[in-house]
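Undergrad: Please see the structure below; I have some questions.
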Amino acid sequence: MFGAAIVSSSLAIATSICFLFFSTPHKSFYHSLFLSSTFSTNESISNHLYTLTKRPHIAGSAANAEAAAYVLSTLESYDIRSHVRPYYTALTYPVRRSLTLATTVRDPPIELRLEQEIYEDDPYADVADQVTPTFHAFAKSGTAVGLAVYVNYGRVEDYSVLREMGVNVSGRVALARYGKIYRGDIVQNGYAAGAIGVVIFTDRKDYGGDGKWFPDEKWMPPSGVQVGSVYSGAGDPTTPGWASTEECERITDEEVEKSGDVPLIPSLPVSWESGDVVMRSIGGMVANEDWQGGEGAPVYRVGPGPGVLNLTYEGKQVISTIENVIGIIEGVEEPDRYVILGNHRDAWTFGAADPNSGTACLLEVAERLQKLQKKGWKPRRTIILCNWDAEEYGLIGSTEWVEENRQMLASRVVAYLNVDVAVSGAGFEASATPQLDELIIQAATQVQDPDNSSQTIYDSWISSTNSSLVGRLGGGGSDYAAFVQHIGVPSADLAFGGGYPVYHSMYDDFTWMKKFGDPLFQRHTAVASLWGLVALKLADEEILPFNYLFYALELQKSVEDLQGDVSGRDIKLAPLFKSIEELKKAAIEINDKKKSLKGRKGWTWTRKDNQNLVRELNDRLMMTERAFTDGEGLPGRLWYKHLIYAPSKYNDYGSKSFPGIDDTIEKAKSLNTADSWHSVQHQIWRVARAITQASLCLRGELK
Ligand SMILES: [Zn+2]
């Protein structure tokens with residue numbers, strides 16, 4: 001209390017001094033003010049989170065519409081011009097499901113429990129009946145009866161191991177455990193191996209802790225189930241590439257099935273308790289060491305059988321109304337340049353970590369921006385705050401909005417900054433397109449580490465890792481996908497804490513967050529500070545804080561990684577190296593130009609010819625990322641236009657550089673024909689041409 005009071009009075013003095021001597025204080029003054037303790041209110045963050053997570057609020061539900069109204073009215077209360085943009089999208093809900101296990105011919109089959117249990121004194125007991133029954137969104141309806149086969153994490157390499165062991169998955173029901181790859185790919189890989197159904201369980205080893213669990217510890221309770229989507233595309237599957245407006249074209253269910261993005265066999269998620277029962281019914285060979293469970297688990301065997309699984313899932317697909325909430329703070333000098341902050345609101349159940357820790361931070365950023373405006377700050381560029389819907393089903397709200405506004409966004413967005421799960425524990429994590437690396441790292445040096453007040457986020461971040469600080473956005477994990485992978489907007493994704501055990505279960509609630517995720521809400525405050533600071537720099541700095549040298553160096557590293565994959569083949573990587581060399585030169589040139597402009601004597605930003613010069617330079621910096629996109633998209637994946645970053649074909653969570661080259665190499669390795677290797681070379685040329693386009697754009701050069 002005492003400390004805060006002192007900070008507040010000294011800031012008040014600083015403000016008045018600034019106003020006394022300068023007509024407008026320098027932007028960096030406001031940026032420091034944004035970070036000051038008088039501006040941050042971890043109490044209001046926790047209030048937002050508490051309110052948003054009172055009830056389960058799955059996409060398309062009345063509870064989620066209520067949450068949208070809360071976000072809208074809160075933004076409006078901060079004087080931010082806001083509106084709701086609805087879409088009418090295909091969502092699925094469970095109607096009926098059951099899972100039984102027959103172990104012997106004589107005994108009746110065991111009914112496996114699919115419900116998650118409330119606990120003693122659970123404050124959410126009276127709304128537990130509003131939790132949607134556990135299911136996989138977009139799962140195929142149907143029944144599968146077959147011998148159980150244990151397939152580890154359900155990766156392509158796990159099926160190779162089974163093949164080597166002589167285990168046939170065809171016509172069987174696969175039992176996979178969650179954890180290494182996207183659940184949609186677990187089902188797709190099972191289907192490719194011939195399985196007729198897939199059951200995915202939460203293994204205690206990965207999520208269960210040591211005999212203690214929520215509410216006593218942070219771990220997943222025995223009945224906890226990870227719900228989630230098994231759809232592999234982005235956006236409403238019935239409107240691929242265009243927006244789901246009220247009256248719009250839709251493709252048929254048959255066409256959706258043909259797209260390959262929805263599974264063609266039924267699946268169900270189950271708890272570790274139910275997974276354990278099935279596991280004990282599987283005989284046959286003992287599975288490899290790294291396929292085994294944790295302490296107290298039975299010996300895992302691969303089967304098939306003798307346990308027989310009987311899985312039934314019946315879902316209904318309905319066109320539901322979803323609502324994005326959009327708030328706009330118009331820029332003064334460049335209103336037609338947008339810096340966008342986005343987070344989703346819909347949750348499988350209560351969604352305290354995923355995603356409303358991020359929503360609470362978004363509202364905190366909004367409140368602090370209002371306070372800044374009251375102190376006289378106005379952004380140079382327009383700041384847009386987006387609260388997406390139906391992310392959990394397949395990034396639907398953000399994708400429909402990007403598709404609807406594609407041309408406007410492609411010509412105007414400077415950067416997109418995503419926060420999904422803002423907080424699930426300690427430790428800062430960031431992923432971005434590489435020209436933003438420097439900006440994020442620099443911002444991290446300005447924000448205090450919430451878990452150690454004697455250092456900055458940067459200090460603890462750098463000491464926590466031996467590899468590169470900033471990850472990449474190749475995976476399809478959140479709402480940045482449409483911005484980066486569809487239209488080529490420089491983007492970032494920020495979070496505190498990595499994976500957490502109660503993910504997508506009904507235990508991801510306010511109690512869990514308060515006890516384990518962020519008891520003091522100081523991590524939330526830190527996310528809001530960093531997220532807002534990066535946005536402020538992008539919105540206010542005269543010259544965009546992009547450094548493409550990081551991009552060129554990153555690309556070079558990725559090509560070096562490719563070398564091993566094509567060695568001994570008649571494949572030339574020279575076009576890539578050459579184009580990257582050009583990009584490097586262009587990046588150095590523009591960096592020098594920025595420096596010389598900033599250092600120039602007597603330079604005034606307000607002079608018209610200077611403004612034009614800066615605008616032209618900024619346009620080059622903004623549009624260079626677009627040059628990595630190609631209208632034709634990736635081979636067989638038209639929607640994915642970005643040739644550098646896209647999800648891996650066999651794991652939607654995986655981040656790959658050069659996905660087109662990578663996919664064709666995988667194919668060529670298995671086909672090993674001259675033609676298939678020729679397509680690898682073609683993809684290499686395509687990427688090289690895109691990089692060349694990027695360097696021409698960065699130079700502002702006409703050939
Ligand atoms: Zn999420």
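Just remember, in the structure tokens the first chain shown is A, the second B, etc., residues are 1-based per chain, and ligands are 1-based in the order shown.
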Listing only residues of chain A within 7 Å of ligand 1, what is the closest atom pair and its distance in Å (to one decimal) for each, using only C-alpha atoms and all ligand atoms, sorted by chain and residue number ascending, as CSV?
TA:
residue,atom,partner,partner_atom_place_in_ligand_line,distance
A:His344,CA,ligand 1,1 (Zn),6.6
A:Asp354,CA,ligand 1,1 (Zn),4.6
A:Pro355,CA,ligand 1,1 (Zn),4.6
A:Glu391,CA,ligand 1,1 (Zn),6.6
A:Glu392,CA,ligand 1,1 (Zn),6.2
A:Asp420,CA,ligand 1,1 (Zn),5.0
A:Val421,CA,ligand 1,1 (Zn),5.8
A:Ser478,CA,ligand 1,1 (Zn),6.6
Undergrad: Print the selection's residues with all heavy atoms to a file, as a short mmCIF file (atom, residue, chain, number, x, y, z; two decimals), in the first residue's frame.
TA:
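Produced file result08.cif, reproduced below:
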data_model
loop_
_atom_site.label_atom_id
_atom_site.label_comp_id
_atom_site.auth_asym_id
_atom_site.auth_seq_id
_atom_site.Cartn_x
_atom_site.Cartn_y
_atom_site.Cartn_z
N HIS A 344 -9.60 -15.84 -27.27
CA HIS A 344 -10.96 -16.38 -27.40
C HIS A 344 -11.67 -16.44 -26.06
O HIS A 344 -11.06 -16.31 -25.00
CB HIS A 344 -10.96 -17.72 -28.13
CG HIS A 344 -10.46 -18.92 -27.37
ND1 HIS A 344 -11.30 -19.77 -26.72
CD2 HIS A 344 -9.22 -19.42 -27.20
CE1 HIS A 344 -10.59 -20.76 -26.18
NE2 HIS A 344 -9.33 -20.57 -26.45
N ASP A 354 -7.94 -21.84 -19.78
CA ASP A 354 -8.20 -21.85 -21.23
C ASP A 354 -9.66 -21.52 -21.50
O ASP A 354 -10.51 -22.39 -21.36
CB ASP A 354 -7.84 -23.22 -21.79
CG ASP A 354 -7.97 -23.29 -23.29
OD1 ASP A 354 -8.25 -22.26 -23.93
OD2 ASP A 354 -7.78 -24.40 -23.85
N PRO A 355 -9.97 -20.30 -21.93
CA PRO A 355 -9.10 -19.21 -22.36
C PRO A 355 -9.27 -17.95 -21.51
O PRO A 355 -8.70 -16.93 -21.84
CB PRO A 355 -9.68 -18.90 -23.73
CG PRO A 355 -11.18 -18.98 -23.47
CD PRO A 355 -11.36 -20.07 -22.42
N GLU A 391 -13.28 -20.87 -30.76
CA GLU A 391 -11.89 -21.26 -31.04
C GLU A 391 -11.72 -22.74 -30.82
O GLU A 391 -11.06 -23.43 -31.57
CB GLU A 391 -10.93 -20.47 -30.13
CG GLU A 391 -9.45 -20.70 -30.43
CD GLU A 391 -8.81 -21.86 -29.68
OE1 GLU A 391 -9.48 -22.50 -28.85
OE2 GLU A 391 -7.63 -22.15 -29.93
N GLU A 392 -12.36 -23.23 -29.74
CA GLU A 392 -12.13 -24.62 -29.34
C GLU A 392 -12.58 -25.62 -30.40
O GLU A 392 -12.04 -26.71 -30.51
CB GLU A 392 -12.86 -24.91 -28.01
CG GLU A 392 -12.32 -24.13 -26.82
CD GLU A 392 -10.91 -24.55 -26.41
OE1 GLU A 392 -10.31 -25.38 -27.11
OE2 GLU A 392 -10.43 -24.04 -25.39
N ASP A 420 -3.95 -16.91 -25.64
CA ASP A 420 -5.02 -17.89 -25.44
C ASP A 420 -5.05 -18.20 -23.95
O ASP A 420 -5.66 -17.46 -23.18
CB ASP A 420 -4.72 -19.12 -26.31
CG ASP A 420 -5.84 -20.13 -26.33
OD1 ASP A 420 -6.49 -20.30 -25.28
OD2 ASP A 420 -6.08 -20.77 -27.37
N VAL A 421 -4.38 -19.26 -23.50
CA VAL A 421 -4.23 -19.49 -22.06
C VAL A 421 -3.18 -18.49 -21.60
O VAL A 421 -2.00 -18.68 -21.84
CB VAL A 421 -3.74 -20.92 -21.79
CG1 VAL A 421 -3.56 -21.15 -20.30
CG2 VAL A 421 -4.68 -21.94 -22.39
N SER A 478 -3.86 -22.07 -32.05
CA SER A 478 -4.74 -21.00 -31.58
C SER A 478 -5.07 -19.99 -32.69
O SER A 478 -4.72 -20.20 -33.85
CB SER A 478 -4.15 -20.31 -30.35
OG SER A 478 -5.12 -19.48 -29.74
#
Undergrad: For A:Val225, please output as a ChimeraX atom specification all residues within 7 Å (counting only C-alpha atoms; exclusion window: fewer than 5 positions along the same chain).
TA: /A:116,134,202,269-271,505
Undergrad: If you keep N, CA, C and O atoms, can you produce a file of those selected residues as a PDB file, in the first residue's frame?
TA:
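The new file selection32.pdb reads:
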ATOM      1  N   GLN A 116     -17.510 -36.763 -15.464  1.00  0.00           N
ATOM      2  CA  GLN A 116     -16.537 -36.218 -14.525  1.00  0.00           C
ATOM      3  C   GLN A 116     -17.266 -35.938 -13.218  1.00  0.00           C
ATOM      4  O   GLN A 116     -18.410 -35.495 -13.223  1.00  0.00           O
ATOM      5  N   THR A 134     -18.890 -35.284 -21.820  1.00  0.00           N
ATOM      6  CA  THR A 134     -17.579 -35.425 -22.475  1.00  0.00           C
ATOM      7  C   THR A 134     -17.739 -35.967 -23.896  1.00  0.00           C
ATOM      8  O   THR A 134     -18.490 -36.912 -24.128  1.00  0.00           O
ATOM      9  N   THR A 202      -6.532 -40.139 -20.636  1.00  0.00           N
ATOM     10  CA  THR A 202      -5.554 -39.298 -19.960  1.00  0.00           C
ATOM     11  C   THR A 202      -4.710 -40.211 -19.099  1.00  0.00           C
ATOM     12  O   THR A 202      -5.213 -40.794 -18.140  1.00  0.00           O
ATOM     13  N   PRO A 269     -13.210 -39.412 -25.730  1.00  0.00           N
ATOM     14  CA  PRO A 269     -12.158 -39.194 -24.731  1.00  0.00           C
ATOM     15  C   PRO A 269     -12.572 -39.818 -23.409  1.00  0.00           C
ATOM     16  O   PRO A 269     -13.751 -39.793 -23.065  1.00  0.00           O
ATOM     17  N   VAL A 270     -11.622 -40.398 -22.658  1.00  0.00           N
ATOM     18  CA  VAL A 270     -11.966 -40.943 -21.343  1.00  0.00           C
ATOM     19  C   VAL A 270     -10.923 -40.547 -20.293  1.00  0.00           C
ATOM     20  O   VAL A 270      -9.832 -40.094 -20.615  1.00  0.00           O
ATOM     21  N   SER A 271     -11.296 -40.769 -19.052  1.00  0.00           N
ATOM     22  CA  SER A 271     -10.443 -40.431 -17.905  1.00  0.00           C
ATOM     23  C   SER A 271      -9.328 -41.466 -17.740  1.00  0.00           C
ATOM     24  O   SER A 271      -9.358 -42.526 -18.367  1.00  0.00           O
ATOM     25  N   SER A 505     -10.671 -29.984 -19.047  1.00  0.00           N
ATOM     26  CA  SER A 505     -11.561 -30.783 -18.201  1.00  0.00           C
ATOM     27  C   SER A 505     -12.451 -29.823 -17.406  1.00  0.00           C
ATOM     28  O   SER A 505     -12.255 -28.609 -17.458  1.00  0.00           O
TER      29      SER A 505
END
Undergrad: So that I can see what lies close to A:Asp336, please list as a PDB file with N, CA, C and O atoms, in the first residue's frame the residues with an atom at most 9 Å from it, counting only C-alpha atoms and leaving out residues fewer than 3 positions away in the same chain.
TA:
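Result went into part_20.pdb, see below:
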ATOM      1  N   GLU A 330      -9.244   4.178 -32.215  1.00  0.00           N
ATOM      2  CA  GLU A 330      -8.748   4.686 -33.495  1.00  0.00           C
ATOM      3  C   GLU A 330      -7.417   5.435 -33.364  1.00  0.00           C
ATOM      4  O   GLU A 330      -7.226   6.237 -32.446  1.00  0.00           O
ATOM      5  N   GLY A 331      -6.516   5.162 -34.284  1.00  0.00           N
ATOM      6  CA  GLY A 331      -5.233   5.846 -34.303  1.00  0.00           C
ATOM      7  C   GLY A 331      -5.384   7.265 -34.830  1.00  0.00           C
ATOM      8  O   GLY A 331      -6.293   7.548 -35.603  1.00  0.00           O
ATOM      9  N   GLU A 333      -2.578   9.406 -36.162  1.00  0.00           N
ATOM     10  CA  GLU A 333      -1.818   9.691 -37.383  1.00  0.00           C
ATOM     11  C   GLU A 333      -2.069   8.694 -38.499  1.00  0.00           C
ATOM     12  O   GLU A 333      -2.089   9.063 -39.657  1.00  0.00           O
ATOM     13  N   ARG A 381      -1.344   4.506 -34.421  1.00  0.00           N
ATOM     14  CA  ARG A 381      -2.115   3.588 -35.284  1.00  0.00           C
ATOM     15  C   ARG A 381      -3.318   3.059 -34.508  1.00  0.00           C
ATOM     16  O   ARG A 381      -3.369   3.153 -33.283  1.00  0.00           O
ATOM     17  N   THR A 382      -4.267   2.473 -35.234  1.00  0.00           N
ATOM     18  CA  THR A 382      -5.481   1.948 -34.612  1.00  0.00           C
ATOM     19  C   THR A 382      -5.198   0.641 -33.861  1.00  0.00           C
ATOM     20  O   THR A 382      -4.517  -0.241 -34.392  1.00  0.00           O
ATOM     21  N   ARG A 412      -3.925  -3.724 -44.320  1.00  0.00           N
ATOM     22  CA  ARG A 412      -3.833  -2.766 -43.216  1.00  0.00           C
ATOM     23  C   ARG A 412      -3.245  -3.265 -41.895  1.00  0.00           C
ATOM     24  O   ARG A 412      -2.867  -2.454 -41.050  1.00  0.00           O
ATOM     25  N   VAL A 413      -3.211  -4.588 -41.671  1.00  0.00           N
ATOM     26  CA  VAL A 413      -2.771  -5.040 -40.346  1.00  0.00           C
ATOM     27  C   VAL A 413      -1.252  -5.042 -40.240  1.00  0.00           C
ATOM     28  O   VAL A 413      -0.556  -5.649 -41.047  1.00  0.00           O
TER      29      VAL A 413
END
Undergrad: Mind checking which residues fall within 10 Å of stretch 462-473 of chain A, counting only C-alpha atoms, ignoring those fewer than 5 positions away in the same chain, and posting them as JSON, numbers by chain?
TA: {"A": [427, 428, 429, 430, 431, 432, 433, 434, 436, 437, 438, 440, 441, 457, 478, 480, 481, 484, 485, 491, 492, 493, 494, 644, 645, 646, 647, 653, 654, 655, 656, 657]}
Undergrad: Put those residues in a file: C-alpha atoms, as an mmCIF file, in the first residue's frame.
TA:
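So result.cif came out as:
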data_model
loop_
_atom_site.group_PDB
_atom_site.id
_atom_site.type_symbol
_atom_site.label_atom_id
_atom_site.label_comp_id
_atom_site.auth_asym_id
_atom_site.auth_seq_id
_atom_site.Cartn_x
_atom_site.Cartn_y
_atom_site.Cartn_z
ATOM 1 C CA GLY A 427 7.491 -19.275 -16.720
ATOM 2 C CA PHE A 428 7.092 -16.988 -19.702
ATOM 3 C CA GLU A 429 6.697 -18.437 -23.190
ATOM 4 C CA ALA A 430 6.443 -16.696 -26.531
ATOM 5 C CA SER A 431 6.136 -17.703 -30.157
ATOM 6 C CA ALA A 432 6.204 -15.318 -33.092
ATOM 7 C CA THR A 433 7.104 -14.702 -36.675
ATOM 8 C CA PRO A 434 10.837 -13.876 -36.473
ATOM 9 C CA LEU A 436 9.004 -9.651 -33.928
ATOM 10 C CA ASP A 437 11.640 -11.510 -31.856
ATOM 11 C CA GLU A 438 13.671 -8.442 -31.005
ATOM 12 C CA ILE A 440 9.254 -9.138 -27.686
ATOM 13 C CA ILE A 441 12.650 -9.747 -26.081
ATOM 14 C CA ILE A 457 10.717 -11.424 -17.259
ATOM 15 C CA SER A 478 -4.744 -21.000 -31.579
ATOM 16 C CA TYR A 480 -3.118 -16.639 -34.806
ATOM 17 C CA ALA A 481 -3.481 -19.333 -37.502
ATOM 18 C CA VAL A 484 -0.196 -15.886 -40.129
ATOM 19 C CA GLN A 485 -0.981 -18.947 -42.166
ATOM 20 C CA SER A 491 2.043 -12.417 -35.312
ATOM 21 C CA ALA A 492 2.904 -13.443 -31.785
ATOM 22 C CA ASP A 493 1.484 -15.703 -29.086
ATOM 23 C CA LEU A 494 2.262 -15.049 -25.410
ATOM 24 C CA ILE A 644 7.213 -20.893 -44.321
ATOM 25 C CA TYR A 645 4.869 -21.668 -41.408
ATOM 26 C CA ALA A 646 1.967 -24.155 -41.285
ATOM 27 C CA PRO A 647 0.955 -27.126 -39.143
ATOM 28 C CA TYR A 653 0.246 -28.967 -32.943
ATOM 29 C CA GLY A 654 3.658 -29.421 -34.562
ATOM 30 C CA SER A 655 5.420 -26.377 -35.919
ATOM 31 C CA LYS A 656 7.288 -26.898 -39.160
ATOM 32 C CA SER A 657 9.325 -24.598 -41.301
#
Undergrad: Taking the backbone alone, and naming residues the way the document does, which bits of stretch 134-247 of chain A are strand (DSSP E or B) by DSSP, as a list of chain:residue names?
TA: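 DSSP-assigned strand (DSSP E or B) residues in stretch 134-247 of chain A: A:His136, A:Ala137, A:Gly142, A:Thr143, A:Ala144, A:Val145, A:Gly146, A:Leu147, A:Ala148, A:Val149, A:Tyr150, A:Val173, A:Ala174, A:Leu175, A:Ala176, A:Arg177, A:Gly197, A:Val198, A:Val199, A:Ile200, A:Phe201, A:Gly228, A:Ser229.
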Undergrad: Near A:Thr692, counting only C-alpha atoms, which residues have an atom at most 8 Å away, once you skip same-chain residues fewer than 3 positions from it, shown as an mmCIF file with C-alpha atoms, in the first residue's frame?
TA:
data_model
loop_
_atom_site.group_PDB
_atom_site.id
_atom_site.type_symbol
_atom_site.label_atom_id
_atom_site.label_comp_id
_atom_site.auth_asym_id
_atom_site.auth_seq_id
_atom_site.Cartn_x
_atom_site.Cartn_y
_atom_site.Cartn_z
ATOM 1 C CA SER A 579 17.193 -16.024 -51.893
ATOM 2 C CA ILE A 580 17.938 -15.961 -48.148
ATOM 3 C CA GLU A 582 19.253 -11.497 -50.701
ATOM 4 C CA LEU A 583 16.780 -11.186 -47.827
ATOM 5 C CA ALA A 688 12.823 -19.549 -52.875
ATOM 6 C CA ARG A 689 10.611 -17.384 -55.113
ATOM 7 C CA SER A 695 13.399 -9.150 -50.215
ATOM 8 C CA LEU A 696 12.142 -7.078 -53.175
#
Undergrad: Residues within 8 Å of A:Asp346, please, as JSON, numbers by chain. Count only C-alpha atoms; anything in the same chain fewer than 3 positions from it doesn't count.
TA: {"A": [57, 58, 59, 64, 351, 355, 388, 389, 390, 391, 392]}
Undergrad: Using only C-alpha atoms, which of the listed residues (A:Asn405, A:Thr103, A:Gln522, A:Ser98) sits closest to A:Thr312?
TA: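 Closest residue, counting only C-alpha atoms: A:Ser98.
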Undergrad: List as JSON lines every residue of stretch 396-505 of chain A that is in contact with stretch 70-93 of chain A, defined as an atom at most 8 Å from one of its atoms (using only C-alpha atoms), together with the nearest atom pair and the distance in Å rounded to one decimal, sorted by chain and then rising number.
TA:
{"residue": "A:Ile396", "atom": "CA", "partner": "A:Thr89", "partner_atom": "CA", "distance": 7.9}
{"residue": "A:Gly397", "atom": "CA", "partner": "A:Tyr87", "partner_atom": "CA", "distance": 7.5}
{"residue": "A:Glu400", "atom": "CA", "partner": "A:Tyr87", "partner_atom": "CA", "distance": 7.4}
Undergrad: Could you save those same residues with C-alpha atoms as a CSV table (one decimal), in the first residue's frame?
TA:
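Saved result, again_20.csv, follows:
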chain,number,residue,atom,x,y,z
A,396,ILE,CA,-13.7,-20.7,-36.0
A,397,GLY,CA,-14.5,-17.1,-34.8
A,400,GLU,CA,-14.4,-16.4,-40.2
Undergrad: Please provide the set of residues having any atom within 9 Å of A:Lys667, restricted to only C-alpha atoms, with same-chain residues fewer than 4 positions apart removed, written as a ChimeraX atom specification.
TA: /A:662-663,671-672,676-677
Undergrad: If you keep N, CA and C atoms, can you produce a file of those selected residues as a tab-separated table (two decimals), in the first residue's frame?
TA:
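File again33.tsv, as written:
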chain	number	residue	atom	x	y	z
A	662	ASP	N	8.57	-30.04	-46.64
A	662	ASP	CA	8.57	-31.13	-45.69
A	662	ASP	C	7.59	-32.24	-46.07
A	663	ASP	N	6.36	-31.83	-46.43
A	663	ASP	CA	5.34	-32.82	-46.83
A	663	ASP	C	5.79	-33.61	-48.05
A	671	LEU	N	7.51	-43.03	-51.47
A	671	LEU	CA	7.30	-43.47	-52.86
A	671	LEU	C	8.63	-43.76	-53.56
A	672	ASN	N	9.61	-42.86	-53.29
A	672	ASN	CA	10.94	-42.95	-53.88
A	672	ASN	C	10.93	-43.06	-55.41
A	676	SER	N	8.33	-38.03	-57.59
A	676	SER	CA	8.07	-37.54	-56.23
A	676	SER	C	9.23	-36.65	-55.77
A	677	TRP	N	10.45	-36.99	-56.15
A	677	TRP	CA	11.59	-36.13	-55.78
A	677	TRP	C	11.58	-34.84	-56.59
Undergrad: Find the residue from A:Trp685, A:Tyr30, A:Tyr338, A:Tyr507 that sits nearest to A:Ala574; use only C-alpha atoms when measuring.
TA: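 Using only C-alpha atoms, the shortest distance to A:Ala574 belongs to A:Trp685.
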Undergrad: For A:Leu536, which of A:Lys593, A:Ile200, A:Leu439, A:Ser44 is the closest residue, counting only C-alpha atoms?
TA: A:Leu439
Undergrad: Could you pull out the residues in stretch 471-670 of chain A that DSSP calls alpha helix (DSSP H) from the backbone, as a ChimeraX atom specification?
TA: /A:480-481,510-512,522-540,548-566,574-599,608-623,659-670
Undergrad: Pick out the closest residue to A:Ser244 from this set: A:Ile319, A:Val227, A:Ile590, A:Ile329. Count only C-alpha atoms.
TA: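 Of the candidates, the smallest distance to A:Ser244 is held by A:Ile319.
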Undergrad: Out of A:Asp253, A:Asp216, A:Glu367, A:Glu581, which residue has the shortest atom-to-atom distance to A:Lys515 when counting only C-alpha atoms?
TA: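 Selected residue with least distance to A:Lys515: A:Asp216.
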Undergrad: Go through A:Glu217, A:Tyr551, A:Arg686, A:Gly700 one by one, measure the shortest atom-to-atom distance of each to A:Leu573 using only C-alpha atoms, and give the residue with the smallest value.
TA: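 Among A:Glu217, A:Tyr551, A:Arg686, A:Gly700, it is A:Arg686 that comes nearest to A:Leu573.
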Undergrad: Between atom CA of A:Pro304 and atom CA of A:Val149, measure the distance and give it in Å to one decimal.
TA: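 Computing the Euclidean distance for atom CA of A:Pro304 and atom CA of A:Val149 yields 4.7 Å.
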